[in-house]
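File shown: work_19.txt (compact mmCIF, C-alpha atoms).
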# COMPACT_ATOMS: atom_id res chain seq x y z
CA TYR I 1 -20.63 31.06 4.51
CA PRO I 2 -23.96 29.46 5.56
CA THR I 3 -25.08 28.76 1.98
CA SER I 4 -21.85 27.23 0.77
CA ALA I 5 -19.70 24.24 1.57
CA VAL I 6 -16.76 26.41 2.65
CA VAL I 7 -15.83 26.53 6.32
CA LEU I 8 -13.38 29.17 7.59
CA SER I 9 -11.46 29.34 10.84
CA SER I 10 -9.26 32.29 11.77
CA GLY I 11 -8.00 30.55 14.89
CA GLY I 12 -6.02 27.38 15.43
CA VAL I 13 -7.03 24.03 13.95
CA LEU I 14 -5.71 20.65 15.15
CA VAL I 15 -6.29 17.50 13.09
CA LYS I 16 -5.22 14.05 14.37
CA GLU I 17 -5.26 10.73 12.54
CA GLY I 18 -3.53 7.80 14.23
CA GLU I 19 0.09 8.73 14.94
CA ASN I 20 -0.07 11.63 12.46
CA ALA I 21 -1.27 15.14 13.32
CA PHE I 22 -1.05 18.71 12.04
CA TYR I 23 -1.84 22.12 13.47
CA GLY I 24 -2.38 25.38 11.59
CA GLU I 25 -4.19 28.69 11.46
CA ASN I 26 -6.43 30.56 9.01
CA ALA I 27 -7.96 27.34 7.74
CA ALA I 28 -10.35 27.14 4.80
CA PHE I 29 -12.17 23.84 4.11
CA ASP I 30 -14.17 23.26 0.92
CA TRP I 31 -16.32 20.17 1.42
CA ASP I 32 -17.54 20.09 -2.21
CA VAL I 33 -14.09 19.43 -3.67
CA ARG I 34 -12.67 18.00 -0.44
CA SER I 35 -9.74 20.40 -0.22
CA ALA I 36 -8.32 22.72 2.41
CA THR I 37 -5.58 25.28 3.02
CA LEU I 38 -3.91 26.29 6.29
CA SER I 39 -1.20 28.79 7.24
CA TYR I 40 1.66 28.58 9.75
CA VAL I 41 1.49 24.80 9.93
CA SER I 42 3.36 22.30 12.10
CA ALA I 43 2.84 18.54 11.84
CA SER I 44 4.15 15.10 12.76
CA TYR I 45 4.36 11.94 10.64
CA GLY I 46 5.81 9.09 12.67
CA SER I 47 9.43 9.97 13.49
CA TRP I 48 9.40 12.99 11.14
CA ARG I 49 7.91 16.35 12.03
CA VAL I 50 7.23 19.57 10.18
CA MET I 51 8.71 22.32 12.34
CA ASP I 52 6.95 25.10 10.46
CA SER I 53 5.53 25.90 7.04
CA ASP I 54 4.07 29.03 5.47
CA GLN I 55 1.20 27.10 3.92
CA MET I 56 -0.24 23.61 3.57
CA SER I 57 -2.93 22.46 1.14
CA LEU I 58 -4.95 19.23 1.20
CA SER I 59 -6.14 17.70 -2.05
CA ALA I 60 -9.15 15.44 -2.64
CA GLY I 61 -6.94 12.42 -1.96
CA THR I 62 -4.53 11.99 0.92
CA GLU I 63 -1.67 14.15 -0.40
CA GLN I 64 -0.61 17.12 1.73
CA LYS I 65 1.49 19.85 0.07
CA TYR I 66 3.68 22.30 1.96
CA LYS I 67 5.45 25.49 0.84
CA LYS I 68 8.60 26.91 2.46
CA VAL I 69 8.88 24.21 5.08
CA ARG I 70 11.39 22.91 7.64
CA ILE I 71 11.39 19.25 8.69
CA THR I 72 13.49 17.12 11.06
CA SER I 73 13.59 13.69 12.68
CA CYS I 74 15.44 15.02 15.74
CA ASN I 75 13.07 14.94 18.72
CA LEU I 76 14.59 17.91 20.58
CA LYS I 77 12.70 21.21 20.76
CA ASP I 78 15.76 22.90 19.22
CA PRO I 79 16.88 20.10 16.85
CA HIS I 80 20.51 19.33 16.07
CA TYR I 81 19.64 19.42 12.37
CA PHE I 82 16.77 20.14 10.03
CA ILE I 83 16.02 20.21 6.30
CA LYS I 84 14.61 23.31 4.64
CA LEU I 85 12.63 22.78 1.41
CA ASN I 86 10.88 24.97 -1.11
CA ASN I 87 8.13 22.38 -1.64
CA LEU I 88 7.18 19.23 0.23
CA SER I 89 4.58 16.57 -0.54
CA VAL I 90 3.44 14.10 2.13
CA ILE I 91 1.23 11.04 1.75
CA PRO I 92 0.73 9.82 5.34
CA GLY I 93 1.79 6.23 5.81
CA ARG I 94 3.56 6.13 2.43
CA ARG I 95 6.22 8.75 1.73
CA VAL I 96 7.70 12.24 2.08
CA PHE I 97 8.96 13.91 -1.12
CA GLY I 98 10.46 17.37 -1.56
CA THR I 99 12.56 19.55 -3.85
CA GLY I 100 15.20 22.20 -3.24
CA ALA I 101 16.33 20.73 0.07
CA VAL I 102 19.07 22.38 2.15
CA VAL I 103 20.40 20.46 5.17
CA TYR I 104 21.22 22.58 8.22
CA LEU I 105 23.49 21.53 11.08
CA GLY I 106 22.25 23.79 13.85
CA ASN I 107 21.60 27.02 11.96
CA THR I 108 24.42 26.47 9.45
CA PRO I 109 23.59 25.23 5.92
CA VAL I 110 25.96 22.36 5.06
CA PHE I 111 24.46 20.40 2.18
CA TYR I 112 22.09 20.76 -0.81
CA LEU I 113 19.85 18.02 -2.22
CA PRO I 114 17.87 18.68 -5.44
CA VAL I 115 15.41 15.96 -4.37
CA PHE I 116 14.63 14.53 -0.92
CA TYR I 117 12.63 11.31 -0.42
CA LYS I 118 11.77 9.33 2.68
CA PRO I 119 9.33 6.41 2.96
CA LEU I 120 6.78 6.32 5.75
CA GLY I 121 5.56 2.79 4.99
CA THR I 122 7.21 -0.63 4.64
CA GLU I 123 7.06 -1.34 0.89
CA ASN I 124 9.25 1.21 -0.89
CA LYS I 125 11.00 1.36 -4.25
CA TYR I 126 13.70 3.70 -3.06
CA VAL I 127 14.78 5.52 0.09
CA THR I 128 17.34 8.16 1.06
CA TYR I 129 19.30 7.91 4.32
CA LEU I 130 21.03 10.96 5.82
CA SER I 131 23.90 10.78 8.29
CA MET I 132 25.38 13.87 9.97
CA GLY I 133 28.77 14.04 11.68
CA TYR I 134 31.92 15.96 12.49
CA ASP I 135 35.64 15.23 12.80
CA LYS I 136 38.73 17.42 12.82
CA ARG I 137 40.00 16.25 9.41
CA SER I 138 36.74 16.43 7.42
CA GLY I 139 34.87 19.11 9.34
CA ALA I 140 31.09 18.88 9.48
CA SER I 141 29.72 16.23 7.16
CA ALA I 142 26.41 15.25 5.60
CA LYS I 143 26.41 11.79 4.01
CA THR I 144 23.48 10.55 1.96
CA THR I 145 22.81 7.03 0.71
CA THR I 146 19.98 6.63 -1.79
CA VAL I 147 18.91 3.00 -2.22
CA TYR I 148 16.83 1.95 -5.25
CA ASN I 149 15.34 -1.54 -5.55
CA PHE I 150 15.24 -2.27 -9.29
CA THR I 151 13.88 -5.77 -8.64
CA PRO I 152 13.65 -8.00 -5.54
CA LYS I 153 17.16 -9.24 -6.45
CA VAL I 154 18.86 -6.11 -7.89
CA THR I 155 19.65 -3.11 -5.68
CA GLY I 156 21.45 0.10 -6.57
CA LYS I 157 22.92 2.71 -4.25
CA LEU I 158 24.14 6.26 -4.81
CA PHE I 159 26.47 7.87 -2.27
CA LEU I 160 26.56 11.68 -2.24
CA ASP I 161 28.51 13.30 0.59
CA TYR I 162 29.59 16.79 1.58
CA PHE I 163 32.47 17.65 3.93
CA THR I 164 33.00 21.31 4.87
CA ASN I 165 36.81 20.91 4.82
CA LEU I 166 37.12 18.54 1.86
CA GLY I 167 34.23 19.13 -0.56
CA PHE I 168 31.94 16.69 -2.35
CA GLY I 169 32.38 12.94 -2.70
CA LEU I 170 30.22 10.55 -4.67
CA GLY I 171 29.97 6.97 -5.84
CA PRO I 172 27.61 4.18 -6.96
CA GLU I 173 27.01 0.60 -5.86
CA LEU I 174 25.18 -2.21 -7.66
CA SER I 175 24.39 -5.59 -6.13
CA TYR I 176 22.58 -8.74 -7.20
CA ARG I 177 21.43 -11.33 -4.68
CA ASP I 178 20.17 -14.79 -5.56
CA PRO I 179 21.55 -17.22 -2.94
CA ALA I 180 20.73 -20.25 -5.06
CA ARG I 181 22.59 -19.05 -8.16
CA PHE I 182 24.55 -15.76 -8.00
CA ASN I 183 25.57 -13.15 -5.45
CA GLY I 184 27.67 -10.18 -6.49
CA SER I 185 28.31 -6.48 -6.00
CA VAL I 186 30.57 -3.67 -7.20
CA SER I 187 30.95 -0.22 -5.67
CA GLY I 188 33.08 2.86 -6.24
CA TYR I 189 33.79 6.23 -4.66
CA TYR I 190 35.64 9.39 -5.79
CA ILE I 191 36.54 12.70 -4.18
CA LYS I 192 38.77 15.63 -5.20
CA GLU I 193 39.81 17.10 -1.85
CA ASN I 194 39.56 20.88 -1.53
CA GLY I 195 42.82 22.80 -1.44
CA THR I 196 44.92 19.83 -2.61
CA SER I 197 45.76 17.96 -5.79
CA ASN I 198 44.50 14.72 -4.22
CA LYS I 199 42.10 12.78 -6.42
CA ARG I 200 41.18 9.85 -4.23
CA TRP I 201 39.17 6.83 -5.31
CA GLY I 202 38.34 3.24 -4.49
CA VAL I 203 36.64 0.33 -6.26
CA THR I 204 35.57 -2.87 -4.51
CA GLY I 205 33.50 -5.86 -5.50
CA GLY I 206 33.14 -9.59 -5.75
CA TYR I 207 30.83 -12.39 -6.76
CA TRP I 208 29.88 -16.04 -6.22
CA LEU I 209 28.42 -17.95 -9.20
CA LYS I 210 27.14 -21.51 -9.27
CA LEU I 211 28.09 -23.22 -12.53
CA ARG I 212 26.64 -26.70 -12.03
CA ASP I 213 25.02 -28.62 -9.15
CA THR I 214 24.06 -32.30 -9.23
CA LEU I 215 24.84 -33.13 -5.60
CA ASN I 216 21.16 -33.80 -4.92
CA ASP I 217 20.63 -35.99 -7.96
CA THR I 218 20.13 -39.61 -6.93
CA ASP I 219 21.03 -41.02 -10.36
CA SER I 220 24.56 -39.53 -10.50
CA ASP I 221 27.70 -39.33 -8.39
CA GLY I 222 26.93 -35.67 -7.79
CA GLU I 223 29.19 -32.67 -8.14
CA LEU I 224 29.08 -28.91 -7.59
CA TYR I 225 31.03 -26.36 -9.64
CA PHE I 226 31.19 -22.71 -8.67
CA THR I 227 33.48 -19.71 -9.17
CA GLN I 228 34.12 -16.72 -6.96
CA SER I 229 36.13 -13.51 -7.07
CA GLN I 230 36.91 -10.54 -4.86
CA PHE I 231 38.85 -7.33 -5.53
CA ARG I 232 39.80 -4.13 -3.72
CA LEU I 233 41.54 -1.32 -5.62
CA MET I 234 42.25 2.20 -4.38
CA SER I 235 44.27 5.34 -4.99
CA ASP I 236 46.26 5.18 -1.73
CA PRO I 237 46.62 2.99 1.38
CA TYR I 238 44.44 5.25 3.56
CA PHE I 239 41.45 5.66 1.25
CA ASN I 240 39.25 2.95 2.74
CA ASN I 241 39.86 4.17 6.27
CA ASP I 242 38.92 7.75 5.33
CA TYR I 243 35.94 7.29 3.01
CA ASN I 244 34.59 3.86 2.15
CA ARG I 245 31.78 3.22 4.61
CA SER I 246 30.30 0.18 2.87
CA ASN I 247 33.03 -2.46 2.65
CA PRO I 248 34.38 -4.82 5.32
CA TYR I 249 38.02 -3.85 4.71
CA ALA I 250 37.74 -0.27 5.92
CA VAL I 251 41.03 -0.36 7.85
CA SER I 252 43.03 -2.46 5.36
CA PRO I 253 45.80 -0.60 3.47
CA ASP I 254 46.35 -3.39 0.91
CA GLN I 255 45.05 -3.85 -2.60
CA ASN I 256 44.10 -7.35 -3.65
CA ALA I 257 42.34 -9.39 -6.29
CA SER I 258 41.43 -13.05 -6.32
CA LEU I 259 39.69 -15.57 -8.54
CA ALA I 260 38.84 -19.19 -7.83
CA VAL I 261 37.06 -22.14 -9.44
CA VAL I 262 35.89 -24.96 -7.15
CA ARG I 263 34.68 -28.51 -7.76
CA GLN I 264 33.01 -30.39 -4.94
CA THR I 265 31.73 -33.94 -4.72
CA ARG I 266 30.31 -35.82 -1.77
CA LYS I 267 33.84 -36.86 -0.76
CA THR I 268 36.30 -34.37 -2.26
CA THR I 269 36.93 -30.67 -2.84
CA MET I 270 39.29 -29.29 -5.51
CA ARG I 271 40.03 -25.58 -5.71
CA LEU I 272 42.05 -23.72 -8.33
CA SER I 273 42.72 -20.14 -7.27
CA TYR I 274 44.72 -17.04 -8.16
CA ILE I 275 45.45 -14.29 -5.61
CA ARG I 276 47.35 -11.04 -6.05
CA GLN I 277 48.07 -8.71 -3.14
CA GLU I 278 49.88 -5.37 -3.14
CA VAL I 279 51.09 -4.31 0.29

When written as structure tokens, how does the structure in this file appear?
Amino acid sequence: YPTSAVVLSSGGVLVKEGENAFYGENAAFDWDVRSATLSYVSASYGSWRVMDSDQMSLSAGTEQKYKKVRITSCNLKDPHYFIKLNNLSVIPGRRVFGTGAVVYLGNTPVFYLPVFYKPLGTENKYVTYLSMGYDKRSGASAKTTTVYNFTPKVTGKLFLDYFTNLGFGLGPELSYRDPARFNGSVSGYYIKENGTSNKRWGVTGGYWLKLRDTLNDTDSDGELYFTQSQFRLMSDPYFNNDYNRSNPYAVSPDQNASLAVVRQTRKTTMRLSYIRQEV
């Protein structure tokens, strides 16, 4: 349209910006409102790529919106896995966000996510990690870990997994990290295995808390008081080996709990502790 600010292209259009690029057809650009629409779009954003999409629209800002889209981070032409979404929003360099996500292993749907989020930058409030796998006992699996940073010291995690042979498993984790004062975490996991009466679960955690520290005071003898605890509880001896991917005792079949209070001076250490172990 020579008298308007709309530019049309019935052929292919390639747009590149740094490491990001997208290609589409039937493009319409409106320079007045700084918007555009394209059909049959493919794109790349760092390690993630849009395999195909029915339509993409560009707003006045940097947001790019896709409809009926497939994305993957597998770099093969025929990827091992991809995620199919009803809607996807991309802000290059910042984040990918979508709804109605179905994870495919090959061409087989294996997992559903109401919301999918992935950061493209370095400063992010939360992020979702996806891990695919297969073993004879569990079948094909899709494990997700969503990490949310409440504050620089407080982090929460949500585990949501799907196993084709066993069903859904889920659990939370909360941790607090302040090396000068307090470090602690607690996590749990639960699954009702398909075709059985097995309700399997595990809870793990521990903490270290400084109560008093005058070791660096020059006008006193100096002493340090702290307390620490650790516990590992589970429904059966094999739970950690089968499911708990986030604790250092994954192959241990024992339950235990411990609590200790420690006093240190420049010359001595006194520790009062209680330990219970079930073999």

Residues within 9 Å of range 193-201 of chain I, all atoms listed in the file, excluding chain neighbours under 6 positions, as a ChimeraX atom specification: /I:165-169,233-236,239-240,243

Quick one, how far is CA of Lys68 in chain I from CA of Ser35 in chain I? 19.6 Å

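The coordinates place CA of Gly171 in chain I at 17.3 Å from CA of Gly184 in chain I.
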
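With CA of Ala257 in chain I on one side and CA of Asn244 in chain I on the other, the separation reads 17.5 Å.
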
Smallest atom-to-atom distance to Trp208 in chain I: which of I:Ser187, I:Ser59, I:Thr37, I:Ser258, using all atoms listed in the file?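 Nearest to Trp208 in chain I: I:Ser258.
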
Compile the contact shell of Asp178 in chain I as a VMD selection string: residues with an atom at most 10 Å away, counting all atoms listed in the file, same-chain residues fewer than 5 positions apart removed. chain I and resid 152 to 154 183 to 184 208 to 209

Can you tell me which residues surround Gln277 in chain I at a distance of at most 12 Å, considering all atoms listed in the file, apart from same-chain residues fewer than 6 positions away, and format the answer as a PyMOL selection string? chain I and resi 230-233+252-258

Gln64 in chain I surroundings by all atoms listed in the file, 9 Å radius, close-in-sequence under 5 positions cut, as a list in words: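 What passes the distance filter is Met56, Ser57, Leu58, Ser59, Leu88, Ser89, Val90, Ile91 and Pro92 of chain I.
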
Mind checking which residues fall within 10 Å of Lys84 in chain I, counting all atoms listed in the file, ignoring those fewer than 5 positions away in the same chain, and posting them as a PyMOL selection string? chain I and resi 50-53+68-72+98-104+109+112

Neighbourhood query: residues within 10 Å of (3.0, 8.1, -2.3), file coordinates, counting only C-alpha atoms; return as a list of chain:residue names. I:Thr62, I:Glu63, I:Ser89, I:Val90, I:Ile91, I:Pro92, I:Gly93, I:Arg94, I:Arg95, I:Val96, I:Phe97, I:Pro119, I:Leu120, I:Gly121, I:Asn124
